[in-house]
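A.B. asks: My questions all concern the structure below.
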Amino acid sequence: MFIIEEELKKLPGKPGVYIMHGEKDEIIYVGKAISLKNRVRQYFQSSRNKGAKIEQMVTHITRFEYIITDSELEALVLECNLIKEHRPKYNTMLKDDKSYPFIKVTVNEPYPRVLFARRMKKDKARYFGPYTSGSAVKDVIELVRKLYQVRSCNRTLPRDTGKDRPCLYYHMKQCDAPCQGYISQEEYRKNISKVVRFLNGDFKATIDELTEKMQKASEEMRYEDAMESRDLIRSIQKIGERQKITGYGREDRDIIAVAMDESEDLRDQDAVVQVFFIRDGKLIGRDHFYLRVAKGDTKAQVLSSFLKQFYAGTPFIPSEIMLQSEIEDADIIEEWLTARRKQKVHIRVPKKGTKEKLVELALENARMVLSKDRERIRREEGRTIGAVHEVEDWLGLKGVVRMEAYDISNISGFESVGSMVVYEKGRPKRSDYRKFKIKWVQGPNDYASMEEVLTRRFTHESNGEFDSFARLPDLILMDGGRGQVNIALKVLDKLGISIPVCGMVKDDHHRTRGLYYDNVEIPVDTSSEGFRLITRIQDEAHRFAIEYHRSLRSKGQVHSVLDDIPGIGDARRKALLRKFKSVENIRDASEEELAQTESMNTGSARQVYEFFHKS
């Protein structure tokens, strides 16, 4: 239901990052834009010459999403983070490991220095950045050295104090010469504190001072001095575009904000929770969750409820969670999350600085989703969860989340196959789809083939909680009426499993007409979302089975069922077919007869016999 033409109309004219998804919902391209509206639309304009690579990429785009930022600089750094994290197929020119510069203040030293750095290290120094302009960073380092007389040498102090003459910077009055002991460690540290405040963004007074110098130099026609002050101001302003996309530490944290519909005439409210995922100090992704909350619920209540539901189901819990407002049960939730993580987890509400701005950015994105995507999400919810509720009402069931549908495909019994498709919350879960090659049934017997498929599915040994077979369905959908339903009930009864089974009945024109459940055919509203969901599931099960059957038929001339038997290679397969003439005769042969075949032995004969006779 993602209609690209409709979504293009909703794009904001703000800076940000756009993310293109392919047929399998994988990320295939990440880009940045000064105006998301203008940039993303260009991809879908037929009149524009986009180049061969982009032309090909556009044919694979099924949907796009975006994250708005406060500046192009933030968009650029976020783009870099996302590309390195997801390595999209079409970002080949941006897959280098380019790093952006930092300003490093060696506060771990007795007499700290201000340095240019390409990477952050765990060395107890203070890092500021990253920044996109290396030249501006160097200018600012030079400026703070001039303003606050901090050293630039590599001497180890105080060990090397007085061992050499003071350098030129002392004579230029750009260093207080701590190497000579001309300034105490305490006084020098005060200058470093001023440097840190400056790099934290408190440089209005410095800009005012430089502006005054520039104007005075200009009035006195000292234009070179005026230009120097002007260039320094520009460098400060550029470095002042502090960005929130990459932090100063290497922490893992989640940023969570909620936007709520403020309409007074609604009994229930719409809400969107936006989560930013920061890993190793970098914003690498986000997700948003559409909620329906009761009228009168506060943002704090919504956040509290969301935290408990979200972190109960996610495998990773960060060390810090930042929220837009305080919640009443923060202490108990912290205690619970700490127990789950087995390390201390902090829930905080930042009040100022970069962290507060990051929460504001999450809130702005939540508001954008709420305003732009409300109708699309409602339609999608109607197609999925709403449709499932309709099916529940028809059948008198509750709590249906996972539905499994089955179908059989063959041509006169040749290469019979079974398919299992899975829908969760009304959406296909393709990672849990399964194919079955029929082994126990000969000839065109759909009922017996279905019995084999269901028996194999529900007796399958799970390989752990993440195995798709580990979770049983809440409802089984059979492609057919009473006969197929009874086969499923027979298998479940034999295995001692209780799961509702429903048949999807078709009319003479092979179109879905109703549901068969509890020995009754239930008519359904053919204009309802529930009916459309059942039709989609039935068509998907049929498509998946046909697709698998086709692939086997195409290999039928060169593939034999004997190839699936462990220990039976090309030579033994040919020898068996030469002696027994057909697979059916091999199946009917005794273990002794198989062992007497050329190139066969007792072990391989046992493998063949057990393959055809396992129950």
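Residues are referred to by chain and number: the chain letter is A, B, ... according to the order shown in the structure tokens, the number counts from 1 in that chain, and ligands are numbered separately from 1 in the order shown.
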Which residues are close to Asp287 (chain A), i.e. within 12 Å by only C-alpha atoms, leaving aside same-chain residues fewer than 6 positions away? Reply as a compact mmCIF listing (two decimals) with N, CA and C atoms, in the first residue's frame.

C.D. replies:
# COMPACT_ATOMS: atom_id res chain seq x y z
N GLU A 65 11.87 6.02 2.89
CA GLU A 65 11.60 6.71 4.14
C GLU A 65 12.64 7.81 4.29
N TYR A 66 12.46 8.66 5.29
CA TYR A 66 13.40 9.76 5.45
C TYR A 66 13.50 10.15 6.92
N ILE A 67 14.63 10.79 7.25
CA ILE A 67 14.87 11.33 8.58
C ILE A 67 15.22 12.79 8.40
N ASP A 254 19.29 4.87 23.25
CA ASP A 254 18.09 5.05 22.45
C ASP A 254 17.47 6.40 22.81
N ILE A 255 17.05 7.12 21.78
CA ILE A 255 16.38 8.41 21.97
C ILE A 255 14.91 8.20 21.62
N ILE A 256 14.02 8.51 22.56
CA ILE A 256 12.59 8.20 22.35
C ILE A 256 11.75 9.45 22.59
N ALA A 257 10.87 9.72 21.62
CA ALA A 257 9.95 10.86 21.74
C ALA A 257 8.60 10.46 21.16
N VAL A 272 2.47 8.74 17.61
CA VAL A 272 3.62 8.12 16.98
C VAL A 272 4.81 8.23 17.93
N VAL A 273 5.43 7.11 18.20
CA VAL A 273 6.66 7.10 18.99
C VAL A 273 7.83 6.91 18.04
N GLN A 274 8.79 7.81 18.12
CA GLN A 274 10.00 7.75 17.28
C GLN A 274 11.16 7.29 18.15
N VAL A 275 11.91 6.30 17.66
CA VAL A 275 13.08 5.80 18.38
C VAL A 275 14.31 5.97 17.49
N PHE A 276 15.31 6.69 17.99
CA PHE A 276 16.61 6.80 17.33
C PHE A 276 17.56 5.82 18.01
N PHE A 277 18.28 5.04 17.21
CA PHE A 277 19.22 4.07 17.75
C PHE A 277 20.65 4.61 17.59
N ILE A 278 21.29 4.90 18.70
CA ILE A 278 22.68 5.36 18.69
C ILE A 278 23.56 4.23 19.19
N PHE A 310 8.07 -2.24 24.40
CA PHE A 310 9.15 -2.29 23.42
C PHE A 310 10.33 -3.10 23.94
N ALA A 362 14.16 13.89 17.39
CA ALA A 362 13.29 12.70 17.37
C ALA A 362 11.83 13.11 17.43
N ASN A 365 10.67 14.43 14.05
CA ASN A 365 10.43 13.33 13.12
C ASN A 365 9.14 12.60 13.47
N ALA A 366 8.84 12.44 14.76
CA ALA A 366 7.58 11.80 15.16
C ALA A 366 6.39 12.63 14.70
N VAL A 369 5.90 12.16 10.95
CA VAL A 369 5.24 10.88 10.63
C VAL A 369 3.76 10.97 10.94

A.B. asks: Show which residues sit within 10 Å of Leu147 (chain A), as number ranges by chain. Count only C-alpha atoms, and ignore same-chain residues fewer than 6 positions away.

C.D. replies: A: 141, 173-175, 191, 194-195, 206

A.B. asks: Taking the chain letters and numbering used in this document, name the residues of region 260-451 of chain A that DSSP puts in strand (DSSP E), as number ranges by chain.

C.D. replies: A: 260, 268-279, 282-294, 320-323, 346-348, 402-411, 414-424, 427-428, 434-437

A.B. asks: Do a neighbour search on region 338-346 of chain A at 8 Å with only C-alpha atoms, toss out local chain neighbours closer than 6 positions, and write the hits as a list in words.

C.D. replies: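 Contacts, with the query itself left out: Phe316, Ile317, Pro318, Ser319, Glu320 and Ile321 of chain A.
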
A.B. asks: What's the 12 Å shell around region 212-216 of chain A, counting only C-alpha atoms, without same-chain residues fewer than 4 positions away, as a PDB file with N, CA, C and O atoms, in the first residue's frame?

C.D. replies:
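Produced file result-v8.pdb, reproduced below:
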ATOM      1  N   ALA A 205      30.846  35.888  22.827  1.00  0.00           N
ATOM      2  CA  ALA A 205      31.707  37.005  23.228  1.00  0.00           C
ATOM      3  C   ALA A 205      32.928  37.096  22.327  1.00  0.00           C
ATOM      4  O   ALA A 205      33.365  38.204  21.957  1.00  0.00           O
ATOM      5  N   THR A 206      33.467  35.953  21.928  1.00  0.00           N
ATOM      6  CA  THR A 206      34.646  35.944  21.058  1.00  0.00           C
ATOM      7  C   THR A 206      34.300  36.508  19.685  1.00  0.00           C
ATOM      8  O   THR A 206      35.063  37.299  19.102  1.00  0.00           O
ATOM      9  N   ILE A 207      33.152  36.114  19.149  1.00  0.00           N
ATOM     10  CA  ILE A 207      32.737  36.625  17.836  1.00  0.00           C
ATOM     11  C   ILE A 207      32.513  38.133  17.910  1.00  0.00           C
ATOM     12  O   ILE A 207      32.905  38.887  16.999  1.00  0.00           O
ATOM     13  N   ASP A 208      31.891  38.597  19.007  1.00  0.00           N
ATOM     14  CA  ASP A 208      31.669  40.050  19.166  1.00  0.00           C
ATOM     15  C   ASP A 208      33.008  40.785  19.203  1.00  0.00           C
ATOM     16  O   ASP A 208      33.159  41.867  18.589  1.00  0.00           O
ATOM     17  N   GLU A 220      40.320  51.851   9.938  1.00  0.00           N
ATOM     18  CA  GLU A 220      41.689  52.342   9.874  1.00  0.00           C
ATOM     19  C   GLU A 220      42.394  51.903   8.596  1.00  0.00           C
ATOM     20  O   GLU A 220      43.606  52.083   8.460  1.00  0.00           O
ATOM     21  N   MET A 221      41.604  51.291   7.669  1.00  0.00           N
ATOM     22  CA  MET A 221      42.107  50.845   6.377  1.00  0.00           C
ATOM     23  C   MET A 221      43.225  49.793   6.497  1.00  0.00           C
ATOM     24  O   MET A 221      44.072  49.651   5.640  1.00  0.00           O
ATOM     25  N   ARG A 222      43.174  49.025   7.611  1.00  0.00           N
ATOM     26  CA  ARG A 222      44.075  47.867   7.736  1.00  0.00           C
ATOM     27  C   ARG A 222      43.287  46.637   7.249  1.00  0.00           C
ATOM     28  O   ARG A 222      42.815  45.816   8.013  1.00  0.00           O
ATOM     29  N   TYR A 223      43.161  46.580   5.936  1.00  0.00           N
ATOM     30  CA  TYR A 223      42.242  45.611   5.342  1.00  0.00           C
ATOM     31  C   TYR A 223      42.708  44.161   5.515  1.00  0.00           C
ATOM     32  O   TYR A 223      41.887  43.254   5.617  1.00  0.00           O
ATOM     33  N   GLU A 224      44.004  43.947   5.529  1.00  0.00           N
ATOM     34  CA  GLU A 224      44.495  42.575   5.729  1.00  0.00           C
ATOM     35  C   GLU A 224      44.116  42.073   7.117  1.00  0.00           C
ATOM     36  O   GLU A 224      43.698  40.921   7.291  1.00  0.00           O
ATOM     37  N   ASP A 225      44.265  42.959   8.147  1.00  0.00           N
ATOM     38  CA  ASP A 225      43.867  42.562   9.502  1.00  0.00           C
ATOM     39  C   ASP A 225      42.356  42.324   9.568  1.00  0.00           C
ATOM     40  O   ASP A 225      41.875  41.409  10.244  1.00  0.00           O
ATOM     41  N   ALA A 226      41.601  43.174   8.858  1.00  0.00           N
ATOM     42  CA  ALA A 226      40.137  43.020   8.845  1.00  0.00           C
ATOM     43  C   ALA A 226      39.742  41.693   8.192  1.00  0.00           C
ATOM     44  O   ALA A 226      38.847  40.987   8.670  1.00  0.00           O
ATOM     45  N   MET A 227      40.416  41.346   7.093  1.00  0.00           N
ATOM     46  CA  MET A 227      40.119  40.084   6.410  1.00  0.00           C
ATOM     47  C   MET A 227      40.467  38.888   7.294  1.00  0.00           C
ATOM     48  O   MET A 227      39.749  37.879   7.308  1.00  0.00           O
ATOM     49  N   GLU A 228      41.574  39.028   8.058  1.00  0.00           N
ATOM     50  CA  GLU A 228      41.949  37.927   8.956  1.00  0.00           C
ATOM     51  C   GLU A 228      40.878  37.707  10.014  1.00  0.00           C
ATOM     52  O   GLU A 228      40.471  36.571  10.291  1.00  0.00           O
ATOM     53  N   SER A 229      40.382  38.789  10.604  1.00  0.00           N
ATOM     54  CA  SER A 229      39.307  38.666  11.604  1.00  0.00           C
ATOM     55  C   SER A 229      38.035  38.105  10.977  1.00  0.00           C
ATOM     56  O   SER A 229      37.342  37.265  11.570  1.00  0.00           O
ATOM     57  N   ARG A 230      37.713  38.585   9.764  1.00  0.00           N
ATOM     58  CA  ARG A 230      36.514  38.082   9.069  1.00  0.00           C
ATOM     59  C   ARG A 230      36.607  36.579   8.831  1.00  0.00           C
ATOM     60  O   ARG A 230      35.657  35.828   9.060  1.00  0.00           O
ATOM     61  N   ASP A 231      37.774  36.109   8.364  1.00  0.00           N
ATOM     62  CA  ASP A 231      37.941  34.684   8.085  1.00  0.00           C
ATOM     63  C   ASP A 231      37.843  33.850   9.354  1.00  0.00           C
ATOM     64  O   ASP A 231      37.290  32.740   9.350  1.00  0.00           O
ATOM     65  N   LEU A 232      38.368  34.392  10.446  1.00  0.00           N
ATOM     66  CA  LEU A 232      38.282  33.670  11.720  1.00  0.00           C
ATOM     67  C   LEU A 232      36.831  33.576  12.192  1.00  0.00           C
ATOM     68  O   LEU A 232      36.398  32.539  12.711  1.00  0.00           O
ATOM     69  N   ILE A 233      36.080  34.668  12.000  1.00  0.00           N
ATOM     70  CA  ILE A 233      34.649  34.635  12.375  1.00  0.00           C
ATOM     71  C   ILE A 233      33.916  33.579  11.567  1.00  0.00           C
ATOM     72  O   ILE A 233      33.099  32.818  12.099  1.00  0.00           O
TER      73      ILE A 233
END

A.B. asks: Compile the contact shell of Leu475 (chain A) as JSON, numbers by chain: residues with an atom at most 10 Å away, counting only C-alpha atoms, same-chain residues fewer than 5 positions apart removed.

C.D. replies: {"A": [392, 397, 399, 400, 401, 402, 403, 404, 405, 499, 500, 501, 502]}

A.B. asks: Looking at A:Arg113, A:Arg471, A:Arg126, A:Arg578, which one is nearest to Tyr148 (chain A), with distances taken over only C-alpha atoms?

C.D. replies: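 Going through A:Arg113, A:Arg471, A:Arg126, A:Arg578 one by one, the smallest distance to Tyr148 (chain A) is for A:Arg113.
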
A.B. asks: Here is a test: counting only C-alpha atoms, which residue of A:Lys124, A:Arg606, A:Arg379, A:Arg573 is nearest to Ile3 (chain A)?

C.D. replies: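 With only C-alpha atoms as the atom set, the closest residue is A:Arg379.
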